[in-house]
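Report on the following structure.
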Amino acid sequence: MTAIFCCAIFFGASASHAEQVVVYSARIEQLIKPMFDVFTKDTGINVKFVTDKEGPLLARLKAEGKNTPADMLITSDAGNLWEAAQEGLLRPVESKTLHANVRAYLRDPQNQWFGLSVRARTIIYNTQKVKPSDLSTYEALAEPQWKGRLCLRTSKKVYNQSLVAMMIAEHGAVRTEEIIKGWVANLAIDPLSDETKAMEFVAAGRCDVTIANSYYYGRLMQKNPALPLAIFWPNQEGSGVHVNISGAGITKYAHNAPAAIRLLEFLSSEKAQNLFADVNMEYPVNPRVKPDPAVAAWGTFRQNTINVTTAGELQAEAVKLMDRAGYR
């Protein structure tokens with residue numbers, strides 16, 4: 001009887017565990033819970049999640065090691081996902097579904113992480129002071145005509161580090177450093193702490209253009225649609241708009257990897273993609289899914305198809321380059 005009782009407890013605990021996936025997420029609750037609720041409703045698998053910033057979550061996974069309760073890591077920027085893979089915190093996933101839903105340049109070549117939404121880093125300009133015909137590329141913002149007219153977010157933010165990393169991949173370090181020095185020379189004010197502030201400065205006429213993730217523009221215009229701001233999609237005659245991702249991978253020591261993979265596949269599916277992308281005014285990673293109408297209204301553009309892994313691989317070099325160029 002004791003043996004039977006112990007077995008019953010064991011199998012009961014196993015069944016209970018099999019019905020739960022634990023997620024560490026750098027995306028806040030309001031951006032992930034709607035998808036998790038749908039997944040649970042469809043599958044009966046509960047999703048328990050912990051939210052925090054990228055750095056603390058990676059540190060927590062490293063410290064916990066084999067004892068981590070986390071089955072999945074969700075975070076923003078390919079650089080952060082690349083770091084997690086480099087630190088041995090993720091495992092490869094072989095999934096035809098994920099390969100079908102996520103284009104090759106938006107996922108890790110070793111299948112350790114997959115993009116789940118696309119973030120376009122683009123040019124935002126003051127419509128009262130700049131014509132679209134005045135604009136062309138990220139690189140052109142280093143030209144003398146923009147002196148005293150450029151606002152930028154600090155180089156300490158990973159989004160700018162990833163943009164510069166991708167520029168290094170395209171142009172080489174020497175040419176990229178020249179471009180960044182040109183940006184610094186053209187600054188109207190010192191780099192700002194966040195992109196919303198930079199766009200507000202553009203709208204107020206303190207500078208004429210900035211570089212920002214498109215969803216920051218979307219959020220700001222929802223709050224104040226009268227602002228004299230518009231999006232310009234750069235580099236359309238060349239490499240295309242710089243894109244990054246928010247994405248996810250299965251942790252190396254996942255206790256419930258099959259269910260976690262099932263959740264990851266669900267998040268890339270047509271059913272979940274609008275929920276995942278629309279709630280933050282991002283673009284779906286799944287090519288079969290259309291963006292939210294408000295996002296689609298910004299117009300179509302060609303994406304840079306250099307694999308976003310490059311953002312991680314060249315991130316350290318990008319940070320050093322920006323420092324040498326005086327971009328703080």
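Residues in the structure tokens are numbered from 1 in each chain, the chains being A, B, ... in the order shown, and ligands are numbered from 1 in the order shown.
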Q: Could you give me the residues within stretch 43-230 of chain A that DSSP places in helix (DSSP H, G or I), as a PyMOL selection string?
A: chain A and resi 43+54-67+78-86+96-101+104-106+132-134+139-142+144-146+158-171+173-186+195-203+214-223
Q) Could you pull the residues within 10 Å of A:Asn307, counting only C-alpha atoms, minus those fewer than 6 positions along the same chain, as a ChimeraX atom specification? A) /A:78,103-109,166,243-244
Q.
Measuring between only C-alpha atoms, which one of A:Ile231, A:Val93, A:Val22, A:Leu220 shows the shortest distance to A:Lys48?
A.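 For A:Lys48, the nearest of the given residues is A:Val22.
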Q: Quick one: everything within 12 Å of A:Asp134, counting only C-alpha atoms, minus sequence neighbours fewer than 2 positions away in the same chain. Send it as a list in words.
A: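 Using only C-alpha atoms, the neighbours found are Ile123, Tyr125, Asn126, Thr127, Lys129, Val130, Lys131, Pro132, Ser136, Thr137, Ala140, Leu141, Glu143, Gln145, Trp146, Asp208, Val209, Phe232 and Pro234 of chain A.
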(Q) Residues within 6 Å of stretch 181-189 of chain A, please, as number ranges by chain. Count only C-alpha atoms; anything in the same chain fewer than 6 positions from it doesn't count. (A) A: 142, 146-151, 207, 325, 327
Please write the residues from the selection above to a file, keeping N, CA and C atoms, as an mmCIF file, in the first residue's frame.
data_model
loop_
_atom_site.group_PDB
_atom_site.id
_atom_site.type_symbol
_atom_site.label_atom_id
_atom_site.label_comp_id
_atom_site.auth_asym_id
_atom_site.auth_seq_id
_atom_site.Cartn_x
_atom_site.Cartn_y
_atom_site.Cartn_z
ATOM 1 N N ALA A 142 24.681 61.556 -41.314
ATOM 2 C CA ALA A 142 26.016 62.015 -40.927
ATOM 3 C C ALA A 142 26.504 63.152 -41.825
ATOM 4 N N TRP A 146 22.716 68.002 -41.982
ATOM 5 C CA TRP A 146 21.961 67.691 -40.769
ATOM 6 C C TRP A 146 22.641 68.231 -39.513
ATOM 7 N N LYS A 147 23.651 69.059 -39.667
ATOM 8 C CA LYS A 147 24.358 69.593 -38.499
ATOM 9 C C LYS A 147 23.404 70.401 -37.618
ATOM 10 N N GLY A 148 23.383 70.054 -36.327
ATOM 11 C CA GLY A 148 22.496 70.720 -35.379
ATOM 12 C C GLY A 148 21.043 70.343 -35.508
ATOM 13 N N ARG A 149 20.766 69.270 -36.250
ATOM 14 C CA ARG A 149 19.366 68.911 -36.522
ATOM 15 C C ARG A 149 19.000 67.490 -36.059
ATOM 16 N N LEU A 150 19.948 66.778 -35.481
ATOM 17 C CA LEU A 150 19.756 65.359 -35.147
ATOM 18 C C LEU A 150 19.651 65.155 -33.639
ATOM 19 N N CYS A 151 18.669 64.367 -33.222
ATOM 20 C CA CYS A 151 18.571 63.886 -31.848
ATOM 21 C C CYS A 151 18.742 62.368 -31.859
ATOM 22 N N CYS A 207 15.083 69.596 -32.527
ATOM 23 C CA CYS A 207 15.861 68.923 -33.572
ATOM 24 C C CYS A 207 14.862 68.514 -34.646
ATOM 25 N N ALA A 325 34.055 56.941 -31.254
ATOM 26 C CA ALA A 325 33.455 58.012 -32.053
ATOM 27 C C ALA A 325 32.877 59.138 -31.200
ATOM 28 N N TYR A 327 30.244 58.851 -29.237
ATOM 29 C CA TYR A 327 28.788 58.710 -29.080
ATOM 30 C C TYR A 327 28.515 58.121 -27.713
#
Would you kindly return, as a PDB file with C-alpha atoms, in the first residue's frame, each protein, DNA or RNA residue with an atom no farther than 10 Å from any atom of A:Glu313, considering only C-alpha atoms and excluding same-chain residues fewer than 6 positions away?
ATOM      1  CA  ALA A  78      18.664  39.524 -30.930  1.00  0.00           C
ATOM      2  CA  GLY A  79      21.747  40.649 -29.021  1.00  0.00           C
ATOM      3  CA  TRP A  82      22.575  35.667 -28.794  1.00  0.00           C
ATOM      4  CA  GLU A  83      24.159  36.269 -25.367  1.00  0.00           C
ATOM      5  CA  GLN A  86      26.572  31.989 -25.946  1.00  0.00           C
ATOM      6  CA  SER A 162      22.478  46.395 -32.543  1.00  0.00           C
ATOM      7  CA  ALA A 165      26.602  46.186 -35.181  1.00  0.00           C
ATOM      8  CA  MET A 166      24.586  45.596 -38.344  1.00  0.00           C
ATOM      9  CA  ALA A 169      28.575  43.954 -40.911  1.00  0.00           C
TER      10      ALA A 169
END
Per residue of stretch 205-267 of chain A within 12 Å of stretch 98-101 of chain A, record the nearest atom pair and its distance in Å to one decimal, counting only C-alpha atoms, with rows in chain order and ascending residue number, as CSV.
residue,atom,partner,partner_atom,distance
A:Gly247,CA,A:Leu98,CA,11.9
A:Ala248,CA,A:Leu98,CA,11.4
A:Gly249,CA,A:Leu98,CA,11.3
A:Ile261,CA,A:Leu98,CA,9.5
A:Arg262,CA,A:Leu98,CA,10.1
A:Leu263,CA,A:Leu98,CA,11.0
A:Leu264,CA,A:Leu98,CA,8.0
A:Glu265,CA,A:Leu98,CA,5.9
A:Phe266,CA,A:Leu98,CA,9.1
A:Leu267,CA,A:Leu98,CA,9.5
(Q) For A:Lys53, find every residue with an atom within 12 Å (counting only C-alpha atoms), except residues of its own chain fewer than 6 positions away, and show them as a ChimeraX atom specification. (A) /A:24-28,59-60,73-76,80
Could you save those same residues with N, CA and C atoms as an mmCIF file, in the first residue's frame?
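selection_24.cif was written with the following content:
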data_model
loop_
_atom_site.group_PDB
_atom_site.id
_atom_site.type_symbol
_atom_site.label_atom_id
_atom_site.label_comp_id
_atom_site.auth_asym_id
_atom_site.auth_seq_id
_atom_site.Cartn_x
_atom_site.Cartn_y
_atom_site.Cartn_z
ATOM 1 N N TYR A 24 10.432 32.729 -18.232
ATOM 2 C CA TYR A 24 11.083 33.956 -17.788
ATOM 3 C C TYR A 24 10.951 34.953 -18.938
ATOM 4 N N SER A 25 10.359 36.108 -18.669
ATOM 5 C CA SER A 25 10.053 37.032 -19.764
ATOM 6 C C SER A 25 10.513 38.450 -19.472
ATOM 7 N N ALA A 26 11.239 39.029 -20.441
ATOM 8 C CA ALA A 26 11.589 40.443 -20.365
ATOM 9 C C ALA A 26 10.482 41.311 -20.972
ATOM 10 N N ARG A 27 9.499 40.687 -21.575
ATOM 11 C CA ARG A 27 8.306 41.420 -22.006
ATOM 12 C C ARG A 27 7.352 41.479 -20.821
ATOM 13 N N ILE A 28 6.762 42.650 -20.593
ATOM 14 C CA ILE A 28 5.923 42.837 -19.420
ATOM 15 C C ILE A 28 4.629 42.034 -19.540
ATOM 16 N N ALA A 59 21.097 36.650 -15.673
ATOM 17 C CA ALA A 59 21.883 36.361 -14.470
ATOM 18 C C ALA A 59 21.200 35.298 -13.619
ATOM 19 N N ARG A 60 19.892 35.370 -13.547
ATOM 20 C CA ARG A 60 19.138 34.384 -12.758
ATOM 21 C C ARG A 60 19.250 32.991 -13.362
ATOM 22 N N LEU A 73 12.723 31.220 -22.225
ATOM 23 C CA LEU A 73 13.149 32.609 -22.038
ATOM 24 C C LEU A 73 12.588 33.438 -23.178
ATOM 25 N N ILE A 74 11.887 34.516 -22.847
ATOM 26 C CA ILE A 74 11.412 35.483 -23.832
ATOM 27 C C ILE A 74 12.100 36.808 -23.546
ATOM 28 N N THR A 75 12.682 37.412 -24.565
ATOM 29 C CA THR A 75 13.341 38.692 -24.370
ATOM 30 C C THR A 75 13.342 39.489 -25.663
ATOM 31 N N SER A 76 13.734 40.740 -25.570
ATOM 32 C CA SER A 76 13.800 41.598 -26.745
ATOM 33 C C SER A 76 15.241 41.716 -27.211
ATOM 34 N N ASN A 80 20.465 40.134 -27.022
ATOM 35 C CA ASN A 80 20.222 39.464 -25.746
ATOM 36 C C ASN A 80 20.033 37.960 -25.930
#
